[in-house]
file upload_12.cif (mmCIF, C-alpha atoms)
data_upload
#
loop_
_atom_site.group_PDB
_atom_site.id
_atom_site.type_symbol
_atom_site.label_atom_id
_atom_site.label_comp_id
_atom_site.auth_asym_id
_atom_site.auth_seq_id
_atom_site.Cartn_x
_atom_site.Cartn_y
_atom_site.Cartn_z
ATOM 1 C CA GLU A 2 201.294 126.927 0.164
ATOM 2 C CA PRO A 3 198.043 124.948 -0.189
ATOM 3 C CA ALA A 4 196.308 124.829 -3.538
ATOM 4 C CA LYS A 5 193.168 126.882 -3.852
ATOM 5 C CA ALA A 6 189.705 125.408 -4.387
ATOM 6 C CA PRO A 7 187.987 126.297 -7.681
ATOM 7 C CA ALA A 8 187.454 130.003 -8.307
ATOM 8 C CA CYS A 9 184.069 131.661 -8.517
ATOM 9 C CA GLY A 10 182.250 131.808 -11.827
ATOM 10 C CA ALA A 11 178.856 132.922 -13.064
ATOM 11 C CA GLN A 12 177.195 129.917 -11.387
ATOM 12 C CA GLY A 13 178.924 130.317 -8.026
ATOM 13 C CA CYS A 14 182.101 129.209 -6.264
ATOM 14 C CA GLY A 15 182.944 125.596 -6.990
ATOM 15 C CA TYR A 16 180.862 123.116 -5.044
ATOM 16 C CA ALA A 17 180.101 122.499 -1.395
ATOM 17 C CA VAL A 18 179.682 119.172 0.384
ATOM 18 C CA PHE A 19 177.166 119.186 3.244
ATOM 19 C CA VAL A 20 177.484 116.418 5.856
ATOM 20 C CA SER A 21 174.450 116.467 8.166
ATOM 21 C CA LYS A 22 174.802 113.030 9.751
ATOM 22 C CA ASP A 23 177.474 110.557 10.750
ATOM 23 C CA HIS A 24 176.455 107.970 8.150
ATOM 24 C CA LEU A 25 175.573 107.872 4.466
ATOM 25 C CA GLY A 26 172.175 106.719 3.295
ATOM 26 C CA GLU A 27 169.619 104.658 5.176
ATOM 27 C CA GLY A 28 169.856 101.101 6.435
ATOM 28 C CA ASP A 29 172.624 99.563 8.502
ATOM 29 C CA SER A 30 174.379 102.252 10.563
ATOM 30 C CA GLU A 31 177.814 100.592 10.446
ATOM 31 C CA LEU A 32 177.638 100.288 6.662
ATOM 32 C CA GLY A 33 176.466 103.905 6.415
ATOM 33 C CA TYR A 34 179.366 105.098 8.570
ATOM 34 C CA ASN A 35 181.874 103.159 6.453
ATOM 35 C CA LEU A 36 180.340 104.553 3.251
ATOM 36 C CA LEU A 37 180.677 108.111 4.543
ATOM 37 C CA LYS A 38 184.310 107.503 5.537
ATOM 38 C CA MET A 39 184.946 106.188 2.003
ATOM 39 C CA ALA A 40 183.187 109.196 0.451
ATOM 40 C CA LEU A 41 185.455 111.594 2.369
ATOM 41 C CA TYR A 42 188.518 109.546 1.405
ATOM 42 C CA THR A 43 187.466 109.572 -2.248
ATOM 43 C CA LEU A 44 186.968 113.350 -2.191
ATOM 44 C CA ALA A 45 190.414 113.776 -0.593
ATOM 45 C CA GLN A 46 192.070 111.621 -3.264
ATOM 46 C CA GLY A 47 190.353 113.359 -6.177
ATOM 47 C CA GLU A 48 191.586 116.149 -8.412
ATOM 48 C CA ASN A 49 188.495 118.348 -7.905
ATOM 49 C CA PRO A 50 188.204 119.197 -4.186
ATOM 50 C CA PRO A 51 185.105 120.983 -2.905
ATOM 51 C CA ALA A 52 185.327 124.678 -2.119
ATOM 52 C CA SER A 53 183.609 123.955 1.204
ATOM 53 C CA LEU A 54 183.060 120.932 3.416
ATOM 54 C CA LEU A 55 180.269 121.687 5.866
ATOM 55 C CA PHE A 56 179.443 119.582 8.949
ATOM 56 C CA MET A 57 176.192 119.904 10.891
ATOM 57 C CA ASN A 58 174.072 117.878 13.341
ATOM 58 C CA SER A 59 175.555 114.394 13.961
ATOM 59 C CA GLY A 60 177.926 114.973 11.038
ATOM 60 C CA VAL A 61 180.126 116.940 13.466
ATOM 61 C CA ARG A 62 181.052 113.608 15.065
ATOM 62 C CA LEU A 63 183.337 112.972 12.078
ATOM 63 C CA PRO A 64 185.876 115.841 12.414
ATOM 64 C CA ALA A 65 185.630 115.528 16.221
ATOM 65 C CA GLY A 66 185.789 111.728 16.363
ATOM 66 C CA GLN A 67 188.470 109.144 16.984
ATOM 67 C CA ALA A 68 188.714 107.750 13.432
ATOM 68 C CA GLN A 69 192.155 108.895 12.256
ATOM 69 C CA ASP A 70 191.376 107.988 8.641
ATOM 70 C CA VAL A 71 188.456 110.439 8.662
ATOM 71 C CA ILE A 72 190.576 113.190 10.234
ATOM 72 C CA ASP A 73 193.310 112.526 7.649
ATOM 73 C CA SER A 74 190.820 112.813 4.759
ATOM 74 C CA VAL A 75 189.442 116.102 6.093
ATOM 75 C CA ARG A 76 192.952 117.484 6.611
ATOM 76 C CA GLN A 77 193.976 116.407 3.089
ATOM 77 C CA LEU A 78 191.028 118.351 1.710
ATOM 78 C CA MET A 79 192.046 121.371 3.781
ATOM 79 C CA GLY A 80 195.529 121.067 2.277
ATOM 80 C CA LYS A 81 193.949 121.232 -1.181
ATOM 81 C CA GLY A 82 192.213 124.499 -0.306
ATOM 82 C CA THR A 83 188.855 123.230 0.933
ATOM 83 C CA GLU A 84 187.340 125.356 3.676
ATOM 84 C CA VAL A 85 185.993 123.107 6.451
ATOM 85 C CA LEU A 86 183.269 124.604 8.650
ATOM 86 C CA VAL A 87 181.834 122.730 11.641
ATOM 87 C CA CYS A 88 178.613 123.759 13.391
ATOM 88 C CA GLY A 89 179.491 125.119 16.833
ATOM 89 C CA ALA A 90 175.985 124.663 18.269
ATOM 90 C CA CYS A 91 176.079 121.032 17.129
ATOM 91 C CA LEU A 92 179.494 120.439 18.698
ATOM 92 C CA ASN A 93 178.145 121.933 21.947
ATOM 93 C CA PHE A 94 175.020 119.756 21.803
ATOM 94 C CA TYR A 95 177.060 116.559 21.465
ATOM 95 C CA GLY A 96 179.701 117.723 23.977
ATOM 96 C CA LEU A 97 182.434 117.610 21.326
ATOM 97 C CA THR A 98 183.694 121.194 21.147
ATOM 98 C CA GLU A 99 187.023 120.370 22.789
ATOM 99 C CA GLN A 100 187.523 117.263 20.619
ATOM 100 C CA LEU A 101 187.424 119.011 17.208
ATOM 101 C CA LYS A 102 190.495 117.805 15.298
ATOM 102 C CA ALA A 103 189.966 119.301 11.832
ATOM 103 C CA GLY A 104 188.084 122.314 10.563
ATOM 104 C CA GLU A 105 186.897 125.559 12.030
ATOM 105 C CA ILE A 106 184.033 126.085 14.459
ATOM 106 C CA SER A 107 181.348 127.997 12.617
ATOM 107 C CA ASN A 108 177.662 128.917 12.697
ATOM 108 C CA MET A 109 174.485 128.684 10.648
ATOM 109 C CA TYR A 110 175.115 132.025 8.918
ATOM 110 C CA GLU A 111 178.496 130.987 7.537
ATOM 111 C CA ILE A 112 177.479 127.433 6.675
ATOM 112 C CA LEU A 113 174.354 128.493 4.785
ATOM 113 C CA GLY A 114 176.331 131.330 3.202
ATOM 114 C CA ARG A 115 178.788 128.815 1.714
ATOM 115 C CA MET A 116 175.880 126.797 0.355
ATOM 116 C CA GLN A 117 174.407 129.909 -1.248
ATOM 117 C CA GLU A 118 177.757 130.853 -2.812
ATOM 118 C CA ALA A 119 178.385 127.401 -4.273
ATOM 119 C CA ALA A 120 177.540 126.503 -7.844
ATOM 120 C CA LYS A 121 176.135 123.251 -6.417
ATOM 121 C CA VAL A 122 175.758 121.547 -3.053
ATOM 122 C CA ILE A 123 176.209 117.818 -2.591
ATOM 123 C CA ALA A 124 174.474 116.514 0.529
ATOM 124 C CA LEU A 125 175.956 113.354 2.031
#
call {"tool": "encode", "arguments": {"input": "upload_12.cif", "output": "structure tokens"}}
result
Amino acid sequence: EPAKAPACGAQGCGYAVFVSKDHLGEGDSELGYNLLKMALYTLAQGENPPASLLFMNSGVRLPAGQAQDVIDSVRQLMGKGTEVLVCGACLNFYGLTEQLKAGEISNMYEILGRMQEAAKVIAL
């Protein structure tokens, strides 16, 4: 049975990670993509997984993409109890709905709800 993400406390339920683009930071797009892949890998290897991993806009290209290392990191987080929600409207926009390899198709209500429930939100 997978481990559970941190329980809810007075400040909220653990933390959420919001991925709104397919790269991290500004500047070179290839570097930004590699940095985001490394951030997901680092989260997956850590002892404190997020309660939620939330993908929106071009960020949905990650759990629906061809990079197996990214898919593996997302699945490792799921195995540690992280809920992974992926924007369905965004998947539709990019024509990626059928390619989703990790996570659950979701909507704005659920994604923003997880942000509101979290003690903190980290935007990548």
call {"tool": "residues_around", "arguments": {"input": "upload_12.cif", "residues": "Leu97 (chain A)", "least_positions_apart": "2", "cutoff": "12 Å", "atoms": "only C-alpha atoms", "output": "CSV table (one decimal) with C-alpha atoms, in the coordinates of the input"}}
result
chain,number,residue,atom,x,y,z
A,58,ASN,CA,174.1,117.9,13.3
A,59,SER,CA,175.6,114.4,14.0
A,60,GLY,CA,177.9,115.0,11.0
A,61,VAL,CA,180.1,116.9,13.5
A,62,ARG,CA,181.1,113.6,15.1
A,63,LEU,CA,183.3,113.0,12.1
A,64,PRO,CA,185.9,115.8,12.4
A,65,ALA,CA,185.6,115.5,16.2
A,66,GLY,CA,185.8,111.7,16.4
A,67,GLN,CA,188.5,109.1,17.0
A,87,VAL,CA,181.8,122.7,11.6
A,88,CYS,CA,178.6,123.8,13.4
A,89,GLY,CA,179.5,125.1,16.8
A,90,ALA,CA,176.0,124.7,18.3
A,91,CYS,CA,176.1,121.0,17.1
A,92,LEU,CA,179.5,120.4,18.7
A,93,ASN,CA,178.1,121.9,21.9
A,94,PHE,CA,175.0,119.8,21.8
A,95,TYR,CA,177.1,116.6,21.5
A,99,GLU,CA,187.0,120.4,22.8
A,100,GLN,CA,187.5,117.3,20.6
A,101,LEU,CA,187.4,119.0,17.2
A,102,LYS,CA,190.5,117.8,15.3
A,106,ILE,CA,184.0,126.1,14.5
call {"tool": "closest_residue", "arguments": {"input": "upload_12.cif", "among": "A:Ile72, A:Leu113, A:Met57, A:Ala40", "to": "Lys22 (chain A)", "atoms": "all atoms listed in the file"}}
result
A:Met57
call {"tool": "residues_around", "arguments": {"input": "upload_12.cif", "residues": "Thr83 (chain A)", "least_positions_apart": "4", "cutoff": "12 Å", "atoms": "all atoms listed in the file", "output": "ChimeraX atom specification"}}
result
/A:3-8,14-18,44-45,49-55,74-79,103-105,115
call {"tool": "atom_distance", "arguments": {"input": "upload_12.cif", "atom1": "CA of Leu37 (chain A)", "atom2": "CA of Asp23 (chain A)"}}
result
7.4 Å
call {"tool": "atom_distance", "arguments": {"input": "upload_12.cif", "atom1": "CA of Met116 (chain A)", "atom2": "CA of Gly80 (chain A)"}}
result
20.6 Å
call {"tool": "atom_distance", "arguments": {"input": "upload_12.cif", "atom1": "CA of Leu32 (chain A)", "atom2": "CA of Ala124 (chain A)"}}
result
17.6 Å
call {"tool": "axis_aligned_box", "arguments": {"input": "upload_12.cif", "around": "region 84-87 of chain A", "padding_each_side": "5 Å", "output": "AutoDock Vina command-line options"}}
result
--center_x 184.6 --center_y 124.0 --center_z 7.7 --size_x 15.5 --size_y 12.6 --size_z 18.0
